[in-house]
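Structure file run.tsv with TSV, C-alpha atoms and all ligand atoms:
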```tsv
chain	number	residue	atom	x	y	z
A	1	MET	CA	25.76	-124.26	-90.49
A	2	ILE	CA	22.09	-125.02	-91.04
A	3	ARG	CA	20.78	-124.26	-94.55
A	4	SER	CA	17.16	-124.34	-95.72
A	5	LEU	CA	17.08	-126.67	-98.72
A	6	VAL	CA	14.18	-126.66	-101.17
A	7	ILE	CA	13.45	-130.38	-101.30
A	8	GLY	CA	10.23	-130.09	-103.29
A	9	SER	CA	8.25	-127.58	-105.31
A	10	GLY	CA	4.86	-127.47	-106.99
A	11	ALA	CA	2.37	-125.16	-108.65
A	12	TYR	CA	-1.28	-125.00	-109.58
A	13	LEU	CA	-3.35	-122.86	-111.93
A	14	PRO	CA	-7.15	-122.76	-112.04
A	15	GLU	CA	-8.56	-124.14	-115.28
A	16	THR	CA	-10.43	-121.08	-116.55
A	17	VAL	CA	-8.40	-118.98	-119.02
A	18	LEU	CA	-9.35	-115.31	-119.41
A	19	THR	CA	-7.90	-113.79	-122.57
A	20	ASN	CA	-7.34	-110.12	-123.38
A	21	THR	CA	-9.97	-110.37	-126.10
A	22	GLU	CA	-12.55	-111.62	-123.59
A	23	LEU	CA	-11.61	-108.70	-121.29
A	24	SER	CA	-12.09	-106.24	-124.12
A	25	ARG	CA	-15.77	-107.25	-124.14
A	26	ARG	CA	-16.09	-106.25	-120.46
A	27	VAL	CA	-14.12	-102.96	-120.37
A	28	ASP	CA	-12.83	-100.43	-122.90
A	29	THR	CA	-9.48	-102.07	-123.67
A	30	SER	CA	-7.83	-104.14	-126.39
A	31	ASP	CA	-5.50	-107.12	-126.73
A	32	GLU	CA	-3.01	-104.80	-128.42
A	33	TRP	CA	-3.00	-102.23	-125.57
A	34	ILE	CA	-2.58	-104.87	-122.85
A	35	ARG	CA	0.20	-106.73	-124.68
A	36	GLU	CA	2.10	-103.58	-125.54
A	37	ARG	CA	1.96	-102.04	-122.04
A	38	THR	CA	2.27	-105.22	-119.94
A	39	GLY	CA	3.23	-108.25	-122.05
A	40	ILE	CA	0.16	-110.09	-120.70
A	41	ARG	CA	-1.83	-112.24	-123.19
A	42	GLU	CA	-4.03	-114.18	-120.79
A	43	ARG	CA	-4.45	-115.07	-117.12
A	44	ARG	CA	-6.21	-117.81	-115.14
A	45	VAL	CA	-9.19	-117.07	-112.91
A	46	VAL	CA	-11.06	-119.16	-110.36
A	47	ARG	CA	-14.63	-120.26	-110.97
A	48	ASP	CA	-17.47	-119.65	-108.50
A	49	GLY	CA	-16.80	-121.43	-105.23
A	50	GLU	CA	-13.11	-121.99	-105.96
A	51	MET	CA	-11.02	-120.41	-103.20
A	52	THR	CA	-7.43	-119.53	-102.39
A	53	SER	CA	-7.16	-122.58	-100.11
A	54	HIS	CA	-8.18	-124.88	-102.98
A	55	LEU	CA	-5.34	-123.58	-105.16
A	56	ALA	CA	-2.95	-123.68	-102.18
A	57	VAL	CA	-3.76	-127.31	-101.37
A	58	GLN	CA	-3.19	-128.40	-104.99
A	59	ALA	CA	0.20	-126.66	-105.12
A	60	ALA	CA	1.11	-128.07	-101.70
A	61	ARG	CA	0.23	-131.63	-102.74
A	62	ALA	CA	2.43	-131.26	-105.84
A	63	ALA	CA	5.33	-129.96	-103.73
A	64	LEU	CA	4.93	-132.74	-101.14
A	65	ALA	CA	4.87	-135.36	-103.92
A	66	ASP	CA	8.00	-133.80	-105.45
A	67	ALA	CA	9.69	-133.99	-102.02
A	68	ALA	CA	8.37	-137.56	-101.51
A	69	LEU	CA	7.18	-136.40	-98.10
A	70	ASP	CA	4.02	-137.02	-96.12
A	71	ALA	CA	2.14	-133.94	-94.82
A	72	GLY	CA	2.56	-135.35	-91.31
A	73	GLU	CA	6.27	-134.54	-91.48
A	74	ILE	CA	5.65	-130.80	-91.84
A	75	ASP	CA	6.40	-128.67	-88.75
A	76	LEU	CA	5.15	-125.35	-90.09
A	77	VAL	CA	2.78	-124.22	-92.85
A	78	VAL	CA	3.21	-120.64	-94.07
A	79	VAL	CA	0.74	-119.32	-96.63
A	80	ALA	CA	1.64	-116.02	-98.27
A	81	THR	CA	-1.63	-114.52	-99.46
A	82	THR	CA	-3.44	-111.23	-99.76
A	83	THR	CA	-6.70	-112.96	-100.69
A	84	PRO	CA	-7.47	-115.29	-97.74
A	85	ASP	CA	-10.63	-117.43	-97.86
A	86	GLU	CA	-11.92	-115.62	-94.79
A	87	THR	CA	-10.80	-112.67	-92.64
A	88	PHE	CA	-9.95	-115.33	-90.08
A	89	PRO	CA	-8.78	-118.01	-89.49
A	90	ALA	CA	-5.58	-117.97	-91.50
A	91	THR	CA	-5.84	-119.80	-94.82
A	92	ALA	CA	-2.74	-121.73	-93.67
A	93	THR	CA	-4.82	-123.49	-90.99
A	94	THR	CA	-7.45	-124.45	-93.59
A	95	VAL	CA	-4.66	-125.87	-95.76
A	96	GLN	CA	-3.21	-127.69	-92.75
A	97	ALA	CA	-6.55	-129.39	-92.10
A	98	ARG	CA	-7.14	-130.30	-95.77
A	99	LEU	CA	-3.71	-131.90	-95.94
A	100	GLY	CA	-4.74	-134.09	-93.00
A	101	MET	CA	-2.16	-132.62	-90.63
A	102	SER	CA	-2.78	-132.91	-86.91
A	103	ARG	CA	0.46	-131.34	-85.66
A	104	GLY	CA	2.71	-128.35	-86.25
A	105	ALA	CA	1.83	-124.66	-86.60
A	106	ALA	CA	0.25	-122.72	-89.46
A	107	PHE	CA	-0.14	-119.01	-90.19
A	108	ASP	CA	-0.45	-116.56	-93.07
A	109	VAL	CA	2.01	-113.90	-94.16
A	110	GLN	CA	0.62	-110.70	-95.69
A	111	ALA	CA	3.10	-108.79	-97.83
A	112	VAL	CA	0.96	-108.66	-100.99
A	113	CYS	CA	3.06	-109.36	-104.11
A	114	SER	CA	6.25	-109.74	-102.01
A	115	GLY	CA	4.53	-112.43	-99.94
A	116	PHE	CA	6.55	-115.37	-101.23
A	117	ILE	CA	9.89	-113.62	-100.57
A	118	TYR	CA	8.69	-112.61	-97.09
A	119	GLY	CA	7.44	-116.17	-96.49
A	120	LEU	CA	10.75	-117.57	-97.66
A	121	ALA	CA	12.55	-115.35	-95.14
A	122	VAL	CA	10.19	-116.55	-92.37
A	123	ALA	CA	10.67	-120.21	-93.32
A	124	ASP	CA	14.45	-119.84	-93.60
A	125	ASN	CA	14.71	-118.13	-90.22
A	126	PHE	CA	12.50	-120.70	-88.46
A	127	ILE	CA	14.70	-123.44	-89.90
A	128	LYS	CA	18.00	-121.71	-89.08
A	129	ALA	CA	16.80	-121.01	-85.53
A	130	GLY	CA	16.02	-124.71	-85.11
A	131	GLN	CA	12.34	-124.06	-84.41
A	132	ALA	CA	11.19	-126.04	-87.46
A	133	ARG	CA	12.93	-128.73	-89.49
A	134	THR	CA	10.49	-128.94	-92.39
A	135	VAL	CA	8.38	-126.03	-93.64
A	136	LEU	CA	5.66	-125.94	-96.29
A	137	LEU	CA	5.65	-122.48	-97.88
A	138	ILE	CA	2.82	-121.60	-100.25
A	139	GLY	CA	2.04	-118.47	-102.25
A	140	ALA	CA	-1.64	-118.60	-103.25
A	141	GLU	CA	-3.96	-115.94	-104.60
A	142	THR	CA	-7.38	-115.31	-106.06
A	143	MET	CA	-6.64	-111.74	-107.17
A	144	SER	CA	-9.70	-111.87	-109.44
A	145	ARG	CA	-11.80	-111.47	-106.24
A	146	LEU	CA	-10.18	-108.10	-105.49
A	147	MET	CA	-10.74	-106.64	-108.94
A	148	ASP	CA	-13.12	-103.85	-109.76
A	149	TRP	CA	-14.19	-105.41	-113.07
A	150	THR	CA	-15.25	-101.99	-114.37
A	151	ASP	CA	-11.76	-100.48	-113.88
A	152	ARG	CA	-9.68	-101.14	-117.00
A	153	THR	CA	-6.54	-99.72	-115.38
A	154	THR	CA	-6.32	-102.64	-112.92
A	155	CYS	CA	-8.53	-105.58	-113.94
A	156	VAL	CA	-6.40	-106.46	-116.98
A	157	LEU	CA	-3.25	-106.95	-114.90
A	158	PHE	CA	-3.96	-109.68	-112.37
A	159	GLY	CA	-4.56	-113.44	-112.31
A	160	ASP	CA	-5.05	-116.38	-109.91
A	161	GLY	CA	-2.75	-119.27	-109.03
A	162	ALA	CA	-0.55	-120.93	-106.42
A	163	GLY	CA	2.99	-122.22	-105.96
A	164	ALA	CA	4.70	-124.05	-103.10
A	165	PHE	CA	8.08	-125.07	-101.69
A	166	VAL	CA	8.91	-127.73	-99.14
A	167	LEU	CA	11.99	-126.52	-97.26
A	168	GLN	CA	14.04	-128.68	-94.93
A	169	ALA	CA	17.06	-128.14	-92.69
A	170	GLY	CA	20.30	-129.43	-94.17
A	171	GLU	CA	24.00	-129.08	-93.46
A	172	GLY	CA	26.01	-126.36	-95.21
A	173	HIS	CA	29.55	-125.02	-94.96
A	174	GLY	CA	28.50	-121.38	-94.80
A	175	THR	CA	29.79	-120.63	-98.32
A	176	ASN	CA	28.07	-119.65	-101.56
A	177	ALA	CA	28.69	-123.19	-102.82
A	178	ASP	CA	26.08	-124.45	-100.33
A	179	ARG	CA	22.73	-125.55	-101.66
A	180	GLY	CA	19.58	-123.92	-100.27
A	181	VAL	CA	18.73	-120.38	-99.24
A	182	LEU	CA	21.89	-118.24	-99.16
A	183	ASN	CA	20.16	-115.05	-98.02
A	184	THR	CA	16.91	-113.07	-98.01
A	185	LYS	CA	16.61	-109.27	-97.94
A	186	LEU	CA	13.31	-107.60	-96.99
A	187	PHE	CA	12.26	-103.95	-97.18
A	188	SER	CA	9.10	-101.89	-96.75
A	189	ASP	CA	7.99	-98.28	-96.81
A	190	GLY	CA	4.50	-97.72	-95.44
A	191	ARG	CA	4.48	-94.10	-96.60
A	192	LEU	CA	3.74	-95.39	-100.11
A	193	HIS	CA	0.40	-96.92	-99.06
A	194	ASP	CA	-1.72	-94.77	-101.37
A	195	LEU	CA	0.01	-95.94	-104.56
A	196	LEU	CA	-1.32	-99.51	-104.26
A	197	TYR	CA	-3.94	-100.70	-101.77
A	198	VAL	CA	-7.38	-102.24	-101.35
A	199	ASP	CA	-10.12	-99.79	-100.33
A	200	GLY	CA	-11.75	-102.04	-97.76
A	201	GLY	CA	-11.13	-104.26	-94.77
A	202	PRO	CA	-12.72	-105.56	-91.57
A	203	SER	CA	-11.72	-102.63	-89.33
A	204	SER	CA	-12.29	-99.85	-91.86
A	205	THR	CA	-15.27	-100.52	-94.12
A	206	ARG	CA	-16.27	-104.04	-92.97
A	207	THR	CA	-16.14	-105.00	-96.64
A	208	THR	CA	-13.45	-106.66	-98.73
A	209	GLY	CA	-12.89	-103.68	-101.04
A	210	TYR	CA	-11.23	-103.41	-104.43
A	211	LEU	CA	-7.64	-103.00	-105.54
A	212	ARG	CA	-6.68	-99.38	-106.29
A	213	MET	CA	-3.45	-98.38	-107.94
A	214	GLN	CA	-1.54	-95.44	-109.37
A	215	GLY	CA	0.09	-97.53	-112.08
A	216	LYS	CA	2.66	-95.05	-113.32
A	217	GLU	CA	3.93	-94.32	-109.81
A	218	VAL	CA	4.12	-98.01	-108.95
A	219	PHE	CA	6.09	-98.59	-112.13
A	220	ARG	CA	8.52	-95.77	-111.27
A	221	HIS	CA	9.28	-97.17	-107.80
A	222	ALA	CA	9.37	-100.81	-108.91
A	223	VAL	CA	12.55	-100.80	-110.97
A	224	THR	CA	14.49	-98.71	-108.40
A	225	ASN	CA	13.38	-100.75	-105.38
A	226	ILE	CA	13.84	-104.13	-106.99
A	227	ALA	CA	17.31	-103.23	-108.26
A	228	ALA	CA	18.30	-102.02	-104.76
A	229	ALA	CA	17.08	-105.24	-103.12
A	230	ILE	CA	19.00	-107.37	-105.61
A	231	GLU	CA	22.16	-105.33	-105.11
A	232	ALA	CA	21.82	-105.72	-101.32
A	233	SER	CA	21.39	-109.48	-101.63
A	234	LEU	CA	24.36	-109.89	-103.98
A	235	ALA	CA	26.59	-107.58	-101.92
A	236	GLU	CA	25.88	-109.51	-98.72
A	237	ALA	CA	26.76	-112.77	-100.44
A	238	GLY	CA	29.85	-111.30	-102.13
A	239	LEU	CA	28.47	-112.20	-105.56
A	240	THR	CA	27.81	-110.30	-108.78
A	241	ILE	CA	25.16	-110.49	-111.51
A	242	ALA	CA	27.60	-112.59	-113.56
A	243	ASP	CA	27.35	-115.38	-110.94
A	244	ILE	CA	23.55	-115.71	-111.31
A	245	ASP	CA	22.26	-118.57	-113.46
A	246	TRP	CA	18.55	-117.67	-113.29
A	247	PHE	CA	16.71	-114.50	-112.42
A	248	ILE	CA	13.12	-115.30	-111.34
A	249	PRO	CA	11.30	-112.01	-110.78
A	250	HIS	CA	7.81	-111.27	-109.55
A	251	GLN	CA	5.70	-111.27	-112.73
A	252	ALA	CA	3.93	-107.89	-112.66
A	253	ASN	CA	4.67	-106.43	-116.06
A	254	GLN	CA	7.13	-107.36	-118.84
A	255	ARG	CA	8.30	-103.75	-119.01
A	256	ILE	CA	9.27	-103.82	-115.31
A	257	LEU	CA	11.13	-107.11	-115.88
A	258	ASP	CA	12.96	-105.66	-118.89
A	259	GLY	CA	13.71	-102.38	-117.10
A	260	THR	CA	15.17	-104.14	-114.06
A	261	ALA	CA	17.24	-106.53	-116.20
A	262	ARG	CA	18.59	-103.63	-118.27
A	263	ARG	CA	19.47	-101.56	-115.22
A	264	LEU	CA	21.38	-104.42	-113.59
A	265	GLY	CA	22.92	-105.79	-116.79
A	266	ILE	CA	21.14	-109.15	-116.55
A	267	PRO	CA	21.12	-110.88	-119.97
A	268	PRO	CA	17.46	-111.34	-121.12
A	269	GLU	CA	18.02	-115.09	-121.69
A	270	ARG	CA	18.68	-115.49	-117.95
A	271	VAL	CA	15.31	-113.95	-117.00
A	272	VAL	CA	12.35	-116.29	-116.53
A	273	SER	CA	9.15	-114.61	-117.71
A	274	THR	CA	5.67	-116.11	-117.46
A	275	VAL	CA	3.71	-112.87	-117.20
A	276	ALA	CA	2.28	-113.43	-120.71
A	277	VAL	CA	0.25	-116.41	-119.54
A	278	HIS	CA	-0.11	-115.85	-115.79
A	279	GLY	CA	-0.59	-112.08	-115.45
A	280	ASN	CA	0.27	-110.77	-111.99
A	281	THR	CA	-0.61	-113.53	-109.51
A	282	SER	CA	0.82	-111.60	-106.54
A	283	SER	CA	2.47	-113.93	-103.99
A	284	ALA	CA	2.06	-116.93	-106.32
A	285	SER	CA	4.01	-115.44	-109.20
A	286	VAL	CA	7.58	-116.30	-108.18
A	287	PRO	CA	6.95	-120.01	-107.43
A	288	LEU	CA	4.75	-120.28	-110.55
A	289	ALA	CA	7.55	-118.85	-112.72
A	290	LEU	CA	10.09	-121.12	-111.06
A	291	ALA	CA	7.84	-124.14	-111.64
A	292	THR	CA	7.79	-123.32	-115.35
A	293	ALA	CA	11.60	-123.05	-115.51
A	294	LEU	CA	11.97	-126.34	-113.63
A	295	ALA	CA	9.48	-128.14	-115.84
A	296	ASP	CA	11.21	-127.06	-119.06
A	297	GLY	CA	14.64	-127.99	-117.69
A	298	ARG	CA	16.12	-124.50	-117.44
A	299	VAL	CA	16.72	-124.54	-113.67
A	300	LYS	CA	18.90	-127.48	-112.64
A	301	PRO	CA	20.35	-128.68	-109.33
A	302	GLY	CA	23.29	-126.50	-108.32
A	303	ASP	CA	22.12	-123.42	-110.25
A	304	LEU	CA	22.28	-120.06	-108.50
A	305	VAL	CA	18.80	-118.53	-108.54
A	306	LEU	CA	17.84	-114.96	-107.68
A	307	LEU	CA	14.24	-114.24	-106.69
A	308	GLU	CA	12.70	-110.79	-106.22
A	309	ALA	CA	9.33	-109.12	-105.72
A	310	MET	CA	7.64	-105.85	-104.93
A	311	GLY	CA	4.09	-105.17	-103.82
A	312	GLY	CA	1.59	-103.05	-101.93
A	313	GLY	CA	2.78	-101.42	-98.73
A	314	PHE	CA	5.19	-100.95	-100.39
A	315	THR	CA	7.02	-104.14	-99.55
A	316	TRP	CA	9.89	-105.53	-101.57
A	317	GLY	CA	12.74	-107.97	-101.29
A	318	ALA	CA	15.12	-110.44	-102.88
A	319	ALA	CA	16.36	-113.93	-102.12
A	320	LEU	CA	19.38	-115.84	-103.32
A	321	LEU	CA	19.36	-119.61	-103.36
A	322	ARG	CA	21.32	-122.45	-104.84
A	323	TRP	CA	18.89	-124.97	-106.28
A	401	LIG	C1	-0.74	-99.98	-115.37
A	401	LIG	C2	0.23	-99.71	-116.52
A	401	LIG	C3	0.27	-100.91	-117.45
A	401	LIG	C4	-0.30	-98.51	-117.31
A	401	LIG	O1	0.60	-98.22	-118.35
A	401	LIG	P1	1.02	-96.71	-118.63
A	401	LIG	O2	1.87	-96.71	-119.81
A	401	LIG	O3	1.59	-96.16	-117.34
A	401	LIG	O4	-0.37	-96.06	-118.96
A	401	LIG	P2	-1.08	-94.81	-118.28
A	401	LIG	O5	-1.52	-95.16	-116.89
A	401	LIG	O6	-0.23	-93.60	-118.46
A	401	LIG	O7	-2.34	-94.70	-119.19
A	401	LIG	C5	-2.25	-94.29	-120.52
A	401	LIG	C6	-3.63	-94.25	-121.12
A	401	LIG	O8	-4.11	-95.61	-121.27
A	401	LIG	C7	-5.40	-95.71	-120.67
A	401	LIG	N1	-5.55	-97.06	-120.16
A	401	LIG	C8	-5.32	-97.53	-118.91
A	401	LIG	N2	-5.61	-98.83	-118.86
A	401	LIG	C9	-6.04	-99.20	-120.07
A	401	LIG	C10	-6.47	-100.40	-120.63
A	401	LIG	N3	-6.54	-101.53	-119.92
A	401	LIG	N4	-6.82	-100.42	-121.93
A	401	LIG	C11	-6.77	-99.31	-122.68
A	401	LIG	N5	-6.37	-98.13	-122.21
A	401	LIG	C12	-6.00	-98.07	-120.92
A	401	LIG	C13	-5.41	-94.68	-119.59
A	401	LIG	O9	-6.70	-94.32	-119.23
A	401	LIG	C14	-4.65	-93.53	-120.23
A	401	LIG	O10	-5.52	-92.85	-121.08
A	401	LIG	P3	-5.49	-91.25	-121.16
A	401	LIG	O11	-4.12	-90.94	-121.67
A	401	LIG	O12	-6.60	-90.95	-122.10
A	401	LIG	O13	-5.72	-90.77	-119.75
A	401	LIG	C15	1.63	-99.40	-116.00
A	401	LIG	O14	1.66	-98.14	-115.37
A	401	LIG	C16	2.11	-100.45	-115.02
A	401	LIG	O15	2.31	-101.57	-115.37
A	401	LIG	N6	2.39	-100.06	-113.77
A	401	LIG	C17	2.82	-100.99	-112.78
A	401	LIG	C18	1.65	-101.73	-112.26
A	401	LIG	C19	2.05	-102.93	-111.45
A	401	LIG	O16	2.88	-103.69	-111.84
A	401	LIG	N7	1.39	-103.10	-110.32
A	401	LIG	C20	1.55	-104.22	-109.48
A	401	LIG	C21	2.82	-104.13	-108.72
A	401	LIG	S1	2.93	-105.53	-107.68
```

Output the file's structure as C-alpha cells, nothing else.
Amino acid sequence: MIRSLVIGSGAYLPETVLTNTELSRRVDTSDEWIRERTGIRERRVVRDGEMTSHLAVQAARAALADAALDAGEIDLVVVATTTPDETFPATATTVQARLGMSRGAAFDVQAVCSGFIYGLAVADNFIKAGQARTVLLIGAETMSRLMDWTDRTTCVLFGDGAGAFVLQAGEGHGTNADRGVLNTKLFSDGRLHDLLYVDGGPSSTRTTGYLRMQGKEVFRHAVTNIAAAIEASLAEAGLTIADIDWFIPHQANQRILDGTARRLGIPPERVVSTVAVHGNTSSASVPLALATALADGRVKPGDLVLLEAMGGGFTWGAALLRW
C-alpha cells in the first residue's frame, strides 16, 4: 500500500525573544505566575513587517534542504495557519510563489492549534489517493498579531514560529512496521466555539479581532479530548502506549502535557516539551517540538511517534507515524 513518508523536516523561529519579565512590564503578571501555571519562560515574536509567510518560507526551505528536494518537485503546498498574511489569497499560494514554484496546487487549512494534525491528514489522504506524490506541509503562525496585549489572561501564553514536513509517497506493507504516517484521527465540536475564538473576521466585524479564551474551561476539555484522540489512534492501529517511542504533543501548557501523560500512563521522559521556550505557537508547535527532538538526537529513524493537538473550534486530533 501507499504510505506517506516524511522525507524532510524543518523549523524556523523569529529572532526576537520575549521573556516573562518583559511581559510583566506590559501587564500585571510575573515570571513566577506564568512559569507555575504554564511552564512558559519565553516565546519568540515577529518584528514589524515580518509575516506568517516569511516564517513559513524559512521552515519550508529547511525542510526541502533536509529532503534534498527542489521546490519544483512539490505537487501540493498545504499551510496550516490561523494567522494568514491576508484574508485572501491563501498564505500557501504566497509561499508557493516565494519558493519559485510554477506548478502544483496550494491552499491553507484552518483548524487553529490542531492545524498541523489536520494538514497532515489532508497531505496523507492526497498521497494515498494518488492525487499528489510529494506534499509540502507547513504549520506557521504569528499569534502575537492576534493578542490583546492588555489582556494578561491570554497574551502571556502564545508565540510565533513555523515548522514544515516534506511528505512523499512510498511503498508499505500495510503493517505497523511501515515507515511513514500510520493513521490520523480528527475530531471537532463546534458547540464549544465560545471557549476559544477570535472576536473579529471579514464577514462579522470586518476587522481581524483578538483572541478570547475561557482558560479554565479549555484546560478541562483539553486533557479529556486529547486522551480520547490518542486512544482512538492507538486502537485503530492495534498498538498501546508501551509501543510509543516519542509523544510529541501540541505545546499549549506544561500542565496539560503532564495531565495527559499521567492520564494515559506515558512516562515523562518520552514526552517532548518545548513550551518553556516556544509558548503556544498554535499550528507550528508540533513540528517545532519535533524539530527540537530531531536536532538533539532523541527521535531516530524507525521510532514510533505520536502527535496530538487541540485548538479553537474545538478541533482536536492525533497522528501516529513511524519516523
Ligand atoms: C490560562 C491558564 C494558564 C490560567 O490558569 P488557571 O490556573 O486556570 O488560572 P485562573 O484562570 O483560574 O486565574 C487565576 C487567577 O490568576 C489571574 N491571572 C490570569 N492570568 C494571569 C497572569 N498572566 N498573571 C497573573 N495573574 C493572572 C486571574 O485573573 C485569576 O485571578 P482572580 O483569582 O483574582 O480572579 C489555564 O487555565 C490554561 O492554561 N488553560 C488552557 C489554555 C490553553 O492552553 N489554551 C490554548 C489551547 S490551544

Give the residue list for ligand LIG 401 (chain A) at 8 Å, counting only C-alpha atoms and all ligand atoms, as a PyMOL selection string, sorted by chain and then by residue number. chain A and resi 27-30+33-34+37-38+112-114+152-157+196+213-220+222+250+252-253+255-256+280+282+309-312

For the interface of range 19-129 of chain A with range 169-185 of chain A (cut-off 8 Å, counting all atoms listed in the file), please tabulate each contacting residue of range 19-129 of chain A alongside its nearest pair of atoms and their separation in Å to one decimal, rows sorted by chain and increasing number, as CSV.
```
residue,atom,partner,partner_atom,distance
A:Ile117,CA,A:Thr184,CA,7.5
A:Leu120,CA,A:Thr184,CA,7.6
A:Ala121,CA,A:Thr184,CA,5.7
A:Asp124,CA,A:Val181,CA,7.1
A:Ile127,CA,A:Ala169,CA,6.0
A:Lys128,CA,A:Ala169,CA,7.4
```

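Among A:Ala291, A:Leu55, A:Leu234, A:Leu192, the residue with the shortest atom-to-atom distance to His221 in chain A, counting only C-alpha atoms, is A:Leu192.
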
Please, what is the axis-aligned box for every listed atom of range 175-179 of chain A with 4 Å on each side, as centre and edge lengths in Å to one decimal, as AutoDock Vina command-line options?
```
--center_x 26.3 --center_y -122.6 --center_z -100.6 --size_x 15.1 --size_y 13.9 --size_z 12.5
```

Selection near Arg212 in chain A, 7 Å with all atoms listed in the file, sequence-local residues under 3 positions removed, as a PyMOL selection string: chain A and resi 196-199

Sel. within 9 Å of pt (-2.1, -111.3, -105.1), counting only C-alpha atoms, output as an MDAnalysis selection string: chainID A and resid 81:83 112:113 115 139:144 146 158:161 280:285 311

Close residues, Arg263 in chain A itself excluded, 9 Å, only C-alpha atoms, min 2 positions apart in chain, as a list in words: Val223, Thr224, Ala227, Asp258, Gly259, Thr260, Ala261, Gly265 and Ile266 of chain A

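Of the residues listed (A:Arg47, A:Leu320, A:Thr94, A:Leu5), A:Leu320 shows the shortest atom-to-atom separation from Thr240 in chain A; distances use only C-alpha atoms.
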
One-decimal distance in Å that lies between CA of Val286 in chain A and CA of Ser233 in chain A: 16.7 Å

Contacts of range 15-19 of chain A at 7 Å or less, counting all atoms listed in the file, minus same-chain residues fewer than 2 places along, as a ChimeraX atom specification? /A:13,21-23,41-46

Pull C-alpha atoms from the residues just selected and write them as a PDB file, in the frame of the given file.
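File part_38.pdb, as written:
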```pdb
ATOM      1  CA  LEU A  13      -3.350-122.860-111.930  1.00  0.00           C
ATOM      2  CA  THR A  21      -9.970-110.370-126.100  1.00  0.00           C
ATOM      3  CA  GLU A  22     -12.550-111.620-123.590  1.00  0.00           C
ATOM      4  CA  LEU A  23     -11.610-108.700-121.290  1.00  0.00           C
ATOM      5  CA  ARG A  41      -1.830-112.240-123.190  1.00  0.00           C
ATOM      6  CA  GLU A  42      -4.030-114.180-120.790  1.00  0.00           C
ATOM      7  CA  ARG A  43      -4.450-115.070-117.120  1.00  0.00           C
ATOM      8  CA  ARG A  44      -6.210-117.810-115.140  1.00  0.00           C
ATOM      9  CA  VAL A  45      -9.190-117.070-112.910  1.00  0.00           C
ATOM     10  CA  VAL A  46     -11.060-119.160-110.360  1.00  0.00           C
TER      11      VAL A  46
END
```

List the neighbours of Asp66 in chain A out to 9 Å using all atoms listed in the file; skip same-chain residues closer than 5 positions along the sequence, and give me the result as a PyMOL selection string. chain A and resi 7-10+61+166

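Counting all atoms listed in the file and comparing A:Gln254, A:Pro267, A:Leu306, A:Asp148, the residue that lies closest to Leu211 in chain A is A:Asp148.
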
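Here the question is which of A:Val109, A:Val135, A:Val122, A:Ala56 gets nearest to Leu76 in chain A using all atoms listed in the file, and that residue is A:Val135.
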
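We find CA of Ala276 in chain A and CA of Leu257 in chain A to be spaced 11.9 Å apart.
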
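Here CA of Met101 in chain A and CA of Gly72 in chain A stand 5.5 Å from one another.
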
Which of these residues is nearest to Asn125 in chain A, using only C-alpha atoms: A:Gln58, A:Gln168, A:Gln251, A:Ser204? A:Gln168

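When all atoms listed in the file are used to measure the gap to Val305 in chain A, the shortest distance among A:Val275, A:Leu288, A:Leu167, A:Ile248 belongs to A:Ile248.
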
Near-Leu186 in chain A list (7 Å; all atoms listed in the file; drop same-chain fewer than 4 positions) as a VMD selection string: chain A and resid 118 316 to 318
